[in-house]
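What follows is the content of structure-v4.cif (mmCIF, C-alpha atoms).
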data_entry
loop_
_atom_site.label_atom_id
_atom_site.label_comp_id
_atom_site.auth_asym_id
_atom_site.auth_seq_id
_atom_site.Cartn_x
_atom_site.Cartn_y
_atom_site.Cartn_z
CA MET A 569 84.68 97.40 104.25
CA PRO A 570 85.06 100.90 105.69
CA GLU A 571 87.65 103.18 104.20
CA LEU A 572 90.99 103.40 105.97
CA ALA A 573 91.42 107.10 105.30
CA ASN A 574 91.85 108.14 108.92
CA GLU A 575 94.41 105.43 109.62
CA LYS A 576 97.04 107.22 107.52
CA ASP A 577 97.05 110.29 109.80
CA SER A 578 99.53 108.88 112.32
CA TYR A 579 102.08 108.37 109.52
CA LEU A 580 101.54 111.88 108.16
CA SER A 581 101.96 113.29 111.66
CA ASP A 582 105.06 111.20 112.30
CA PHE A 583 106.61 112.47 109.07
CA GLU A 584 106.04 116.09 110.02
CA LYS A 585 107.62 115.51 113.43
CA SER A 586 110.61 113.68 112.04
CA GLU A 587 111.23 115.59 108.79
CA LYS A 588 114.01 117.69 110.31
CA GLU A 589 115.72 114.59 111.66
CA LEU A 590 115.35 112.79 108.32
CA SER A 591 116.63 115.78 106.36
CA GLY A 592 119.90 115.47 108.23
CA ALA A 593 120.22 111.87 107.06
CA GLY A 594 120.93 112.59 103.41
CA PRO A 595 121.33 115.14 100.60
CA SER A 596 118.76 117.79 99.68
CA TRP A 597 117.44 115.88 96.67
CA LEU A 598 116.49 113.04 98.99
CA GLY A 599 114.51 115.43 101.18
CA LEU A 600 112.47 116.52 98.17
CA LEU A 601 111.87 112.89 97.28
CA ARG A 602 110.68 112.07 100.80
CA ARG A 603 108.28 115.03 100.79
CA ALA A 604 106.79 114.03 97.42
CA ALA A 605 106.34 110.46 98.64
CA ILE A 606 104.51 111.35 101.87
CA GLU A 607 102.24 113.72 99.97
CA ARG A 608 101.40 110.95 97.54
CA PHE A 609 100.74 108.54 100.42
CA GLY A 610 98.46 111.16 101.93
CA GLU A 611 96.47 111.26 98.69
CA MET A 612 96.18 107.48 98.37
CA GLY A 613 95.99 106.25 101.94
CA PHE A 614 96.03 102.51 102.57
CA PRO A 615 94.66 100.23 99.84
CA THR A 616 91.30 98.52 100.29
CA HIS A 617 89.45 95.69 98.58
CA ARG A 618 88.23 98.26 96.06
CA ASP A 619 91.75 98.41 94.64
CA GLU A 620 92.14 95.70 92.01
CA ASP A 621 95.62 94.69 93.16
CA TRP A 622 94.44 94.28 96.74
CA LYS A 623 91.09 92.52 96.26
CA GLN A 624 92.20 89.34 98.02
CA THR A 625 94.40 90.95 100.67
CA SER A 626 93.12 93.15 103.48
CA VAL A 627 95.72 95.45 105.02
CA ALA A 628 93.31 96.58 107.75
CA PRO A 629 95.38 94.80 110.46
CA ILE A 630 98.37 96.92 109.43
CA ALA A 631 96.46 100.17 109.00
CA LYS A 632 94.63 99.88 112.33
CA THR A 633 97.72 99.08 114.41
CA ARG A 634 99.56 102.11 115.78
CA PHE A 635 103.16 101.29 114.96
CA ARG A 636 105.97 103.45 116.23
CA ARG A 637 108.82 104.00 113.80
CA ALA A 638 111.77 101.98 115.05
CA ASP A 639 114.74 103.97 116.29
CA ALA A 640 118.31 102.78 116.08
CA CYS A 641 118.86 100.37 118.93
CA ARG A 642 121.76 98.63 120.57
CA PRO A 643 121.82 94.96 119.57
CA ASP A 644 121.99 93.85 123.21
CA GLY A 645 121.85 90.09 123.55
CA LEU A 646 122.36 89.52 119.86
CA THR A 647 125.53 87.77 118.77
CA ALA A 648 126.69 86.19 115.54
CA LYS A 649 126.13 82.78 117.15
CA ARG A 650 122.59 83.72 118.18
CA LEU A 651 121.81 84.87 114.65
CA GLU A 652 123.09 81.58 113.25
CA GLU A 653 120.46 79.82 115.35
CA VAL A 654 117.61 81.77 113.75
CA THR A 655 118.95 81.74 110.19
CA PHE A 656 119.93 78.79 108.05
CA GLY A 657 123.42 78.44 109.47
CA GLU A 658 126.72 80.10 108.76
CA LEU A 659 127.40 81.56 105.31
CA GLU A 660 131.07 82.15 104.51
CA CYS A 661 130.68 85.59 103.02
CA THR A 662 130.21 89.28 103.74
CA HIS A 663 127.35 89.94 106.16
CA LEU A 664 125.44 93.18 106.53
CA VAL A 665 123.17 93.04 109.58
CA PHE A 666 120.38 95.51 110.32
CA VAL A 667 118.38 95.55 113.56
CA ASN A 668 114.93 97.15 113.24
CA GLY A 669 116.04 98.63 109.92
CA HIS A 670 119.26 100.23 111.24
CA TYR A 671 122.77 99.07 110.44
CA ALA A 672 124.47 97.10 113.22
CA PRO A 673 128.25 97.22 112.56
CA SER A 674 129.04 95.08 115.62
CA LEU A 675 127.07 92.18 114.12
CA SER A 676 128.20 92.70 110.53
CA ARG A 677 131.26 91.23 108.89
CA LEU A 678 132.90 92.74 105.80
CA ARG A 679 135.29 90.37 104.09
CA PRO A 680 137.87 91.47 101.51
CA LEU A 681 136.20 92.46 98.24
CA PRO A 682 137.50 93.22 94.74
CA ALA A 683 138.72 96.75 94.04
CA GLY A 684 135.95 99.25 93.47
CA VAL A 685 133.19 97.15 95.05
CA LYS A 686 131.16 99.06 97.62
CA VAL A 687 129.08 97.20 100.19
CA GLY A 688 127.62 98.76 103.29
CA SER A 689 124.96 100.88 104.92
CA LEU A 690 122.84 103.00 102.59
CA ALA A 691 122.66 105.72 105.24
CA SER A 692 126.44 105.92 105.32
CA PHE A 693 126.80 106.20 101.55
CA LEU A 694 124.08 108.86 101.43
CA LYS A 695 126.38 110.97 103.58
CA THR A 696 129.73 110.13 102.03
CA ASP A 697 128.96 109.47 98.35
CA PRO A 698 125.43 110.65 97.46
CA ALA A 699 126.40 111.31 93.82
CA LEU A 700 126.91 107.57 93.33
CA LEU A 701 123.35 106.85 94.52
CA GLU A 702 121.43 109.74 92.97
CA PRO A 703 121.17 108.32 89.40
CA HIS A 704 119.63 105.09 90.72
CA LEU A 705 117.85 105.52 94.06
CA ALA A 706 114.07 105.71 93.52
CA ARG A 707 114.57 106.15 89.75
CA HIS A 708 113.04 102.83 88.74
CA VAL A 709 110.55 101.95 91.49
CA SER A 710 107.52 104.21 91.49
CA PHE A 711 105.54 105.28 94.53
CA GLU A 712 102.81 106.94 92.46
CA ASN A 713 100.44 103.97 92.61
CA HIS A 714 101.77 101.90 95.51
CA PRO A 715 101.00 103.25 98.99
CA PHE A 716 103.54 101.09 100.80
CA THR A 717 106.35 102.05 98.43
CA ALA A 718 105.39 105.68 98.99
CA LEU A 719 105.51 105.11 102.75
CA ASN A 720 108.90 103.44 102.50
CA THR A 721 110.28 106.30 100.38
CA ALA A 722 108.94 108.91 102.78
CA PHE A 723 110.77 107.29 105.69
CA LEU A 724 113.77 106.16 103.65
CA ARG A 725 116.78 106.14 105.92
CA ASP A 726 118.86 102.96 105.92
CA GLY A 727 119.32 99.61 104.29
CA ALA A 728 121.95 97.91 102.16
CA PHE A 729 123.89 99.45 99.28
CA ILE A 730 125.84 97.18 96.94
CA TYR A 731 127.78 98.59 94.00
CA LEU A 732 129.69 96.46 91.50
CA PRO A 733 131.91 98.25 89.01
CA LYS A 734 132.31 97.10 85.42
CA GLY A 735 133.69 93.57 84.99
CA THR A 736 133.65 92.65 88.69
CA ALA A 737 132.82 89.11 89.80
CA LEU A 738 132.14 88.21 93.45
CA ASP A 739 133.16 84.68 94.38
CA GLU A 740 131.04 84.73 97.55
CA PRO A 741 127.46 85.85 98.16
CA VAL A 742 126.64 89.06 99.98
CA HIS A 743 124.25 88.31 102.86
CA VAL A 744 121.96 91.14 103.96
CA LEU A 745 120.17 90.20 107.18
CA PHE A 746 117.29 92.20 108.65
CA VAL A 747 116.50 91.32 112.25
CA SER A 748 113.33 92.61 113.89
CA ARG A 749 112.99 92.70 117.64
CA SER A 750 110.64 94.54 119.97
CA SER A 751 110.20 94.97 123.69
CA GLY A 752 106.43 94.75 123.29
CA GLU A 753 105.47 98.02 121.61
CA PRO A 754 104.52 97.53 117.93
CA LEU A 755 107.35 98.89 115.78
CA ALA A 756 107.61 99.68 112.08
CA SER A 757 110.78 99.65 109.99
CA HIS A 758 111.21 100.71 106.37
CA PRO A 759 114.39 99.10 104.98
CA ARG A 760 115.55 100.41 101.61
CA ASN A 761 118.09 98.48 99.55
CA LEU A 762 119.88 99.46 96.34
CA ILE A 763 121.94 97.07 94.22
CA VAL A 764 123.76 98.52 91.20
CA ALA A 765 125.63 96.04 88.99
CA GLY A 766 127.91 97.51 86.33
CA GLU A 767 128.48 96.07 82.88
CA GLY A 768 129.75 92.49 82.87
CA SER A 769 129.63 92.05 86.65
CA GLN A 770 128.50 88.92 88.49
CA ALA A 771 127.15 88.45 92.01
CA THR A 772 124.78 86.59 94.30
CA VAL A 773 122.86 88.54 96.95
CA VAL A 774 120.83 87.05 99.80
CA GLU A 775 118.17 89.28 101.38
CA ASN A 776 117.02 87.67 104.61
CA TYR A 777 114.25 88.76 107.03
CA ILE A 778 113.95 87.15 110.47
CA SER A 779 112.68 88.03 113.94
CA VAL A 780 113.88 87.53 117.48
CA GLY A 781 110.97 87.11 119.86
CA SER A 782 107.26 87.03 119.15
CA SER A 783 106.14 90.66 119.27
CA THR A 784 103.94 92.32 116.66
CA TYR A 785 105.83 94.53 114.21
CA PHE A 786 105.68 95.76 110.61
CA THR A 787 108.44 95.46 108.02
CA ASN A 788 107.92 97.56 104.89
CA ALA A 789 110.86 96.91 102.57
CA VAL A 790 111.82 98.13 99.10
CA THR A 791 114.74 96.80 97.06
CA GLU A 792 115.87 98.27 93.75
CA ILE A 793 118.16 96.33 91.42
CA VAL A 794 119.79 98.02 88.43
CA ALA A 795 121.68 95.56 86.20
CA GLY A 796 123.80 96.84 83.31
CA GLU A 797 124.78 95.03 80.11
CA ASN A 798 125.93 91.40 80.36
CA VAL A 799 125.36 91.25 84.10
CA THR A 800 124.72 87.92 85.81
CA LEU A 801 122.88 88.36 89.10
CA ASP A 802 121.19 85.90 91.44
CA HIS A 803 118.94 87.37 94.13
CA CYS A 804 117.59 85.20 96.93
CA LYS A 805 114.97 86.64 99.29
CA LEU A 806 114.06 84.69 102.43
CA GLN A 807 111.21 85.79 104.68
CA ARG A 808 110.92 83.89 107.95
CA GLU A 809 109.42 86.38 110.38
CA ASN A 810 107.31 85.46 113.38
CA GLU A 811 103.61 84.61 113.41
CA GLU A 812 102.61 88.06 114.71
CA ALA A 813 104.55 90.03 112.10
CA PHE A 814 103.38 91.94 109.04
CA HIS A 815 105.67 91.98 106.02
CA VAL A 816 105.22 94.04 102.85
CA SER A 817 107.97 94.20 100.23
CA THR A 818 108.61 95.49 96.73
CA LEU A 819 111.46 94.28 94.53
CA GLN A 820 111.98 96.42 91.42
CA VAL A 821 114.43 95.12 88.81
CA HIS A 822 115.70 97.01 85.76
CA LEU A 823 117.66 94.93 83.25
CA GLU A 824 119.87 96.00 80.35
CA ARG A 825 121.09 94.21 77.22
CA SER A 826 122.09 90.54 77.51
CA SER A 827 121.80 90.53 81.30
CA ASN A 828 120.82 87.37 83.15
CA PHE A 829 118.76 87.78 86.32
CA THR A 830 117.38 85.05 88.59
CA SER A 831 115.16 85.60 91.62
CA HIS A 832 114.53 82.99 94.31
CA ALA A 833 111.73 84.18 96.62
CA VAL A 834 110.90 82.06 99.68
CA SER A 835 108.13 83.15 102.05
CA LEU A 836 107.67 81.12 105.23
CA GLY A 837 106.56 83.46 108.03
CA GLY A 838 104.40 86.39 109.04
CA ALA A 839 100.73 86.73 109.88
CA LEU A 840 100.32 88.73 106.67
CA ALA A 841 102.94 88.85 103.92
CA ARG A 842 102.65 90.73 100.64
CA ASN A 843 105.46 90.56 98.09
CA ASP A 844 105.53 92.56 94.84
CA LEU A 845 108.19 91.76 92.24
CA ASN A 846 108.46 93.82 89.06
CA ALA A 847 111.09 93.18 86.38
CA VAL A 848 111.56 95.43 83.35
CA LEU A 849 113.41 93.84 80.42
CA ASP A 850 114.55 97.07 78.82
CA ALA A 851 116.91 95.85 76.07
CA GLU A 852 117.44 92.83 73.82
CA GLY A 853 118.89 89.47 74.76
CA ILE A 854 117.80 89.42 78.42
CA GLU A 855 117.18 86.22 80.38
CA CYS A 856 114.90 86.66 83.42
CA THR A 857 113.87 83.85 85.78
CA LEU A 858 111.55 84.20 88.76
CA ASN A 859 111.32 81.24 91.14
CA GLY A 860 109.09 81.34 94.20
CA LEU A 861 108.05 79.10 97.07
CA TYR A 862 105.53 79.98 99.79
CA LEU A 863 104.49 77.86 102.75
CA ALA A 864 101.59 78.93 104.95
CA THR A 865 100.01 77.35 108.01
CA GLY A 866 97.41 78.29 110.63
CA ARG A 867 95.77 81.59 109.64
CA GLN A 868 98.71 82.99 107.68
CA HIS A 869 97.99 85.09 104.61
CA VAL A 870 100.67 85.26 101.91
CA ASP A 871 100.28 87.24 98.68
CA HIS A 872 102.61 87.42 95.68
CA HIS A 873 102.14 89.90 92.83
CA THR A 874 104.64 89.74 89.97
CA VAL A 875 105.02 91.61 86.70
CA ILE A 876 107.55 90.75 83.99
CA ASP A 877 107.56 93.64 81.53
CA HIS A 878 108.99 92.69 78.13
CA ALA A 879 109.75 96.18 76.86
CA LYS A 880 112.17 95.17 74.07
CA PRO A 881 112.40 92.26 71.59
CA HIS A 882 114.38 89.02 71.74
CA CYS A 883 114.07 88.39 75.49
CA ASN A 884 113.21 85.25 77.43
CA SER A 885 111.49 84.94 80.79
CA ARG A 886 110.54 81.98 82.96
CA GLU A 887 108.41 82.15 86.11
CA PHE A 888 107.71 79.21 88.38
CA TYR A 889 105.95 79.68 91.74
CA LYS A 890 104.69 76.97 94.08
CA GLY A 891 102.61 77.19 97.24
CA VAL A 892 101.95 74.73 100.07
CA LEU A 893 99.05 75.72 102.33
CA SER A 894 97.55 74.07 105.40
CA GLY A 895 95.25 74.92 108.31
CA LYS A 896 93.09 77.96 107.47
CA SER A 897 95.83 79.76 105.58
CA HIS A 898 95.20 81.82 102.45
CA GLY A 899 97.55 82.17 99.51
CA VAL A 900 97.36 84.64 96.62
CA PHE A 901 99.32 84.55 93.38
CA ASN A 902 98.81 87.25 90.77
CA GLY A 903 101.39 87.06 88.01
CA LYS A 904 101.42 89.13 84.84
CA ILE A 905 103.59 88.89 81.74
CA ARG A 906 103.37 92.07 79.69
CA VAL A 907 104.68 92.08 76.11
CA ARG A 908 104.83 95.53 74.60
CA LYS A 909 104.11 96.33 70.95
CA ASP A 910 107.72 96.30 69.76
CA ALA A 911 108.83 93.32 71.86
CA GLN A 912 108.77 90.79 69.03
CA LYS A 913 110.40 87.36 69.42
CA THR A 914 109.52 87.29 73.12
CA ASP A 915 109.60 83.84 74.71
CA ALA A 916 107.82 83.77 78.09
CA LYS A 917 106.41 81.04 80.28
CA GLN A 918 104.62 81.33 83.61
CA THR A 919 103.48 78.53 85.95
CA ASN A 920 101.88 78.55 89.39
CA LYS A 921 101.16 75.31 91.27
CA ASN A 922 99.50 75.03 94.67
CA LEU A 923 99.14 72.15 97.10
CA LEU A 924 96.37 72.32 99.72
CA LEU A 925 96.93 70.14 102.78
CA SER A 926 93.64 70.85 104.54
CA GLU A 927 90.02 71.39 103.59
CA GLU A 928 90.03 74.95 104.93
CA ALA A 929 93.18 76.16 103.19
CA LEU A 930 92.48 78.53 100.30
CA VAL A 931 94.41 79.93 97.36
CA ASP A 932 93.51 82.51 94.70
CA THR A 933 95.67 82.27 91.60
CA LYS A 934 95.56 84.53 88.56
CA PRO A 935 98.28 84.10 85.94
CA GLN A 936 97.92 86.69 83.18
CA LEU A 937 99.25 87.46 79.70
CA GLU A 938 99.02 91.00 78.36
CA ILE A 939 100.36 90.84 74.81
CA TYR A 940 100.58 93.68 72.28
CA ALA A 941 103.02 91.99 69.84
CA ASP A 942 102.22 89.24 67.36
CA ASP A 943 105.47 87.27 66.91
CA VAL A 944 105.81 85.79 70.41
CA LYS A 945 105.76 82.49 72.30
CA CYS A 946 103.92 82.93 75.59
CA THR A 947 102.23 80.40 77.85
CA HIS A 948 100.79 80.48 81.35
CA GLY A 949 99.00 78.10 83.65
CA ALA A 950 97.96 77.39 87.22
CA THR A 951 96.97 74.31 89.22
CA ILE A 952 95.40 73.79 92.64
CA GLY A 953 95.25 70.32 94.13
CA GLN A 954 95.70 68.02 97.08
CA LEU A 955 98.12 65.21 97.72
CA ASP A 956 97.87 62.37 95.23
CA GLU A 957 96.00 59.61 97.07
CA GLU A 958 97.38 56.93 94.72
CA ALA A 959 100.94 58.03 95.43
CA LEU A 960 100.14 58.14 99.15
CA PHE A 961 98.68 54.63 99.00
CA TYR A 962 101.72 53.38 97.08
CA LEU A 963 104.14 54.65 99.72
CA CYS A 964 102.02 53.31 102.59
CA SER A 965 101.82 49.91 100.89
CA ARG A 966 105.64 49.81 101.03
CA GLY A 967 105.60 50.03 104.81
CA ILE A 968 105.98 53.81 105.12
CA GLY A 969 103.78 55.45 107.77
CA ARG A 970 101.06 57.74 106.49
CA GLU A 971 102.48 60.90 108.08
CA THR A 972 105.96 60.14 106.77
CA ALA A 973 104.50 59.44 103.33
CA ARG A 974 102.70 62.78 103.33
CA ASN A 975 105.94 64.52 104.29
CA VAL A 976 107.76 62.79 101.46
CA LEU A 977 105.17 63.94 98.91
CA VAL A 978 105.17 67.53 100.21
CA HIS A 979 108.96 67.53 100.09
CA ALA A 980 108.90 66.23 96.52
CA PHE A 981 106.45 68.96 95.51
CA ALA A 982 108.62 71.77 96.85
CA SER A 983 112.12 70.39 96.42
CA ASP A 984 112.59 71.20 92.74
CA LEU A 985 112.36 74.91 93.60
CA ILE A 986 114.66 74.56 96.60
CA GLU A 987 117.24 72.78 94.47
CA ARG A 988 117.45 75.80 92.17
CA ILE A 989 118.84 78.02 94.95
CA PRO A 990 122.59 78.30 94.31
CA ILE A 991 123.70 78.50 97.98
CA GLU A 992 124.11 75.14 99.68
CA PRO A 993 123.51 76.14 103.36
CA ILE A 994 120.22 77.77 102.37
CA ARG A 995 119.14 74.71 100.39
CA THR A 996 120.00 72.46 103.34
CA GLY A 997 118.16 74.69 105.80
CA LEU A 998 115.03 74.77 103.68
CA GLU A 999 115.11 71.01 103.22
CA CYS A 1000 115.28 70.61 107.00
CA PHE A 1001 112.43 73.08 107.48
CA LEU A 1002 110.24 71.11 105.09
CA MET A 1003 110.87 67.80 106.79
CA THR A 1004 110.58 68.93 110.40
CA ARG A 1005 108.41 72.03 110.73
CA LEU A 1006 105.74 72.05 108.05
CA PRO A 1007 102.56 70.63 109.59
CA VAL A 1008 100.75 68.02 107.53
CA GLY A 1009 97.87 65.65 108.19
CA PRO A 1010 96.23 66.24 111.58
CA ALA A 1011 98.94 68.74 112.55
CA ALA A 1012 97.83 70.94 109.68
CA LYS A 1013 94.47 71.42 111.40
CA GLU A 1014 95.74 71.88 114.94
CA LYS A 1015 97.54 75.17 114.30
CA THR A 1016 94.45 77.29 113.61
#

If you convert what's in this file into structure tokens, what do you get?
Amino acid sequence: MPELANEKDSYLSDFEKSEKELSGAGPSWLGLLRRAAIERFGEMGFPTHRDEDWKQTSVAPIAKTRFRRADACRPDGLTAKRLEEVTFGELECTHLVFVNGHYAPSLSRLRPLPAGVKVGSLASFLKTDPALLEPHLARHVSFENHPFTALNTAFLRDGAFIYLPKGTALDEPVHVLFVSRSSGEPLASHPRNLIVAGEGSQATVVENYISVGSSTYFTNAVTEIVAGENVTLDHCKLQRENEEAFHVSTLQVHLERSSNFTSHAVSLGGALARNDLNAVLDAEGIECTLNGLYLATGRQHVDHHTVIDHAKPHCNSREFYKGVLSGKSHGVFNGKIRVRKDAQKTDAKQTNKNLLLSEEALVDTKPQLEIYADDVKCTHGATIGQLDEEALFYLCSRGIGRETARNVLVHAFASDLIERIPIEPIRTGLECFLMTRLPVGPAAKEKT
């Protein structure tokens, strides 16, 4: 595969043209950070198959497409009712809506929140309260070895900021919705989200990516989560972009003593989707759970890379990812549990299961344990299979049609992960998606 060195030039040129504009969108320390990030991207360029973490995923379609950085746009034609139609229904909570990566106040809804809680546009807080962000923004996620994170940092401008002071509990989720729309010209957006949860706080955050229309575009998102002591945080990420879209995301989580973090990652759309999730368990007594579900049809390519870094002793982690693939789709799961030398009494378990619904669907799975301590309990495993013919025969023998029976078995395979999501409208929407839109049987081969 030829190197993609020249494909980075348009981004370097765009940065030079827009640096003055970007410098006015934040404090001086952010300008220095952006400059360091674009210089690092210039050194690395786009990853290729020669890079170990990208061996199964080619980003050539992204690198070779000339995307224009999306400007702030008026959300003409978009209404709250229209957005309900392309999401999983109405959530009774605070909504932050971004169109092409820029905050859309006319579509957002801020409900009353406990004293001291800050929820809103990152760009706004960079102007009004940069000192609150400086200790956390880009302090845990590194762009040194990840080109797309470097690119996101270089063009960092807007996204969601959520701040929970000590002892705060939110009774309702916070819904952060990113809507991509294009008039035909390929656009790129670089959403940046920061969630800071103070000691003893509790919250649920939904990070949702959708599209309106069918144009080609590129979403390159980074979310940083900083959870203090005794924090309980549920994070649900839904990706349901169109079949022409490219989606790359990094979720970086830093956890302190006795915190409890749960991730629910659901990937349904995009021509190419790459999701990196890195969690650092940086004190004792932490509980970390990563749940993931990916569904791919046609020629979709979906890639998940996860790292759970047990940096301190007496922590527990559980990871459970499932994939359902049909048509000529390709799934990748690369999960690593790292146990450092002093992280004794670690208890970690990792499982990846994949269901192939067609002969041409493909999955590469690589669960890994990297252990430097000796007093630990760690297990990992992966399975790849097709529908159980005996179970299918059993259902058909009870008068159930073959296609309905296949749907029932696919639903049963995925439903245990859906049931773990704590928000009922999202669970209901995903259940409906499974039963009505996932192609199985002959339909799995038609959409190629």

Open item on the list: Starting from the PyMOL selection byres ((chain A and resi 904-910) around 9), expand the selection into actual residues of this file and give them as a PyMOL selection string.
Closed with: chain A and resi 873-881+885+902-903+911-912+914+916-918+934-942+944+946+948

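Of note, CA of Gly594 (chain A) and CA of Ala771 (chain A) are spaced 27.4 Å apart.
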
Once the PyMOL selection byres ((chain A and resi 618-623) around 10) is applied to the coordinates I shared, what remains selected? I want it as a compact mmCIF listing (two decimals) with C-alpha atoms, keeping the file's coordinate frame.
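Final output, saved to expr.txt:
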# COMPACT_ATOMS: atom_id res chain seq x y z
CA MET A 569 84.68 97.40 104.25
CA GLU A 571 87.65 103.18 104.20
CA PHE A 614 96.03 102.51 102.57
CA PRO A 615 94.66 100.23 99.84
CA THR A 616 91.30 98.52 100.29
CA HIS A 617 89.45 95.69 98.58
CA GLN A 624 92.20 89.34 98.02
CA THR A 625 94.40 90.95 100.67
CA SER A 626 93.12 93.15 103.48
CA VAL A 627 95.72 95.45 105.02
CA HIS A 714 101.77 101.90 95.51
CA ARG A 842 102.65 90.73 100.64
CA ASP A 871 100.28 87.24 98.68
CA HIS A 873 102.14 89.90 92.83
CA ASN A 902 98.81 87.25 90.77

Task: Interatomic distance (Å, one decimal) between CA of His708 (chain A) and CA of Glu792 (chain A) - done: 7.3 Å

TODO: Give me the result of the PyMOL selection byres ((chain A and resi 713) around 12) on this file, residue by residue, as a list in words.
DONE: Ala605, Arg608, Phe609, Gly610, Glu611, Met612, Gly613, Phe614, Pro615, Asp619, Glu620, Asp621, Val709, Ser710, Phe711, Glu712, His714, Pro715, Phe716, Thr717, Ala718 and Leu719 of chain A

Please produce an output containing C-alpha atoms for each residue in the selection, written as a PDB file, in the frame of the given file.
ATOM      1  CA  ALA A 605     106.340 110.460  98.640  1.00  0.00           C
ATOM      2  CA  ARG A 608     101.400 110.950  97.540  1.00  0.00           C
ATOM      3  CA  PHE A 609     100.740 108.540 100.420  1.00  0.00           C
ATOM      4  CA  GLY A 610      98.460 111.160 101.930  1.00  0.00           C
ATOM      5  CA  GLU A 611      96.470 111.260  98.690  1.00  0.00           C
ATOM      6  CA  MET A 612      96.180 107.480  98.370  1.00  0.00           C
ATOM      7  CA  GLY A 613      95.990 106.250 101.940  1.00  0.00           C
ATOM      8  CA  PHE A 614      96.030 102.510 102.570  1.00  0.00           C
ATOM      9  CA  PRO A 615      94.660 100.230  99.840  1.00  0.00           C
ATOM     10  CA  ASP A 619      91.750  98.410  94.640  1.00  0.00           C
ATOM     11  CA  GLU A 620      92.140  95.700  92.010  1.00  0.00           C
ATOM     12  CA  ASP A 621      95.620  94.690  93.160  1.00  0.00           C
ATOM     13  CA  VAL A 709     110.550 101.950  91.490  1.00  0.00           C
ATOM     14  CA  SER A 710     107.520 104.210  91.490  1.00  0.00           C
ATOM     15  CA  PHE A 711     105.540 105.280  94.530  1.00  0.00           C
ATOM     16  CA  GLU A 712     102.810 106.940  92.460  1.00  0.00           C
ATOM     17  CA  HIS A 714     101.770 101.900  95.510  1.00  0.00           C
ATOM     18  CA  PRO A 715     101.000 103.250  98.990  1.00  0.00           C
ATOM     19  CA  PHE A 716     103.540 101.090 100.800  1.00  0.00           C
ATOM     20  CA  THR A 717     106.350 102.050  98.430  1.00  0.00           C
ATOM     21  CA  ALA A 718     105.390 105.680  98.990  1.00  0.00           C
ATOM     22  CA  LEU A 719     105.510 105.110 102.750  1.00  0.00           C
TER      23      LEU A 719
END

Open item on the list: Between CA of Leu849 (chain A) and CA of Arg825 (chain A), what distance in Å does the model show, to one decimal?
Closed with: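 Separation of CA of Leu849 (chain A) and CA of Arg825 (chain A): 8.3 Å.
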
Open item on the list: Taking 6 positions as the minimum chain separation for residues in the same chain, which residues sit within 12 Å of Ala728 (chain A) when counting only C-alpha atoms? Answer as a PyMOL selection string.
Closed with: chain A and resi 663-666+669-672+676+686-694+701+705+742-746+758-764+773-776+789-793

Name the residues within 6 Å of (103.2, 93.4, 111.0), counting all atoms listed in the file in the file's coordinates, and put them as a PDB file with C-alpha atoms, in the coordinates of the input.
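Just written: point-v2.pdb:
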ATOM      1  CA  THR A 784     103.940  92.320 116.660  1.00  0.00           C
ATOM      2  CA  TYR A 785     105.830  94.530 114.210  1.00  0.00           C
ATOM      3  CA  PHE A 786     105.680  95.760 110.610  1.00  0.00           C
ATOM      4  CA  ALA A 813     104.550  90.030 112.100  1.00  0.00           C
ATOM      5  CA  PHE A 814     103.380  91.940 109.040  1.00  0.00           C
ATOM      6  CA  HIS A 815     105.670  91.980 106.020  1.00  0.00           C
TER       7      HIS A 815
END

TODO: Would you kindly identify which residues have an atom no farther than 10 Å from (135.5, 93.1, 83.2), using all atoms listed in the file and the file's own coordinates, and write them out as a list in words?
DONE: Pro733, Lys734, Gly735, Thr736, Ala737, Gly766, Glu767, Gly768, Ser769 and Gln770 of chain A

- [ ] Could you check which of A:Thr947, A:Leu925, A:Thr655, A:Arg725 is closest to Glu589 (chain A), using all atoms listed in the file?
- [x]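 Of A:Thr947, A:Leu925, A:Thr655, A:Arg725, the one nearest Glu589 (chain A), counting all atoms listed in the file, is A:Arg725.
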
Task: A:Val931, A:Cys964, A:Leu845, A:Val821 ranked by distance to Lys890 (chain A), top pick (using all atoms listed in the file) - done: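 Nearest to Lys890 (chain A): A:Val931.
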
- [ ] Rank nothing, just name the residue among A:Arg995, A:Asp915, A:Lys921, A:Thr933 nearest to Phe981 (chain A), using only C-alpha atoms.
- [x]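 Under the stated criterion, the closest residue is A:Lys921.
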
Which centre and edge lengths in Å to one decimal define the box along x, y and z that fits every listed atom of region 737-752 of chain A plus 8 Å per side, as AutoDock Vina command-line options?
--center_x 119.8 --center_y 89.8 --center_z 106.7 --size_x 42.7 --size_y 26.3 --size_z 49.9
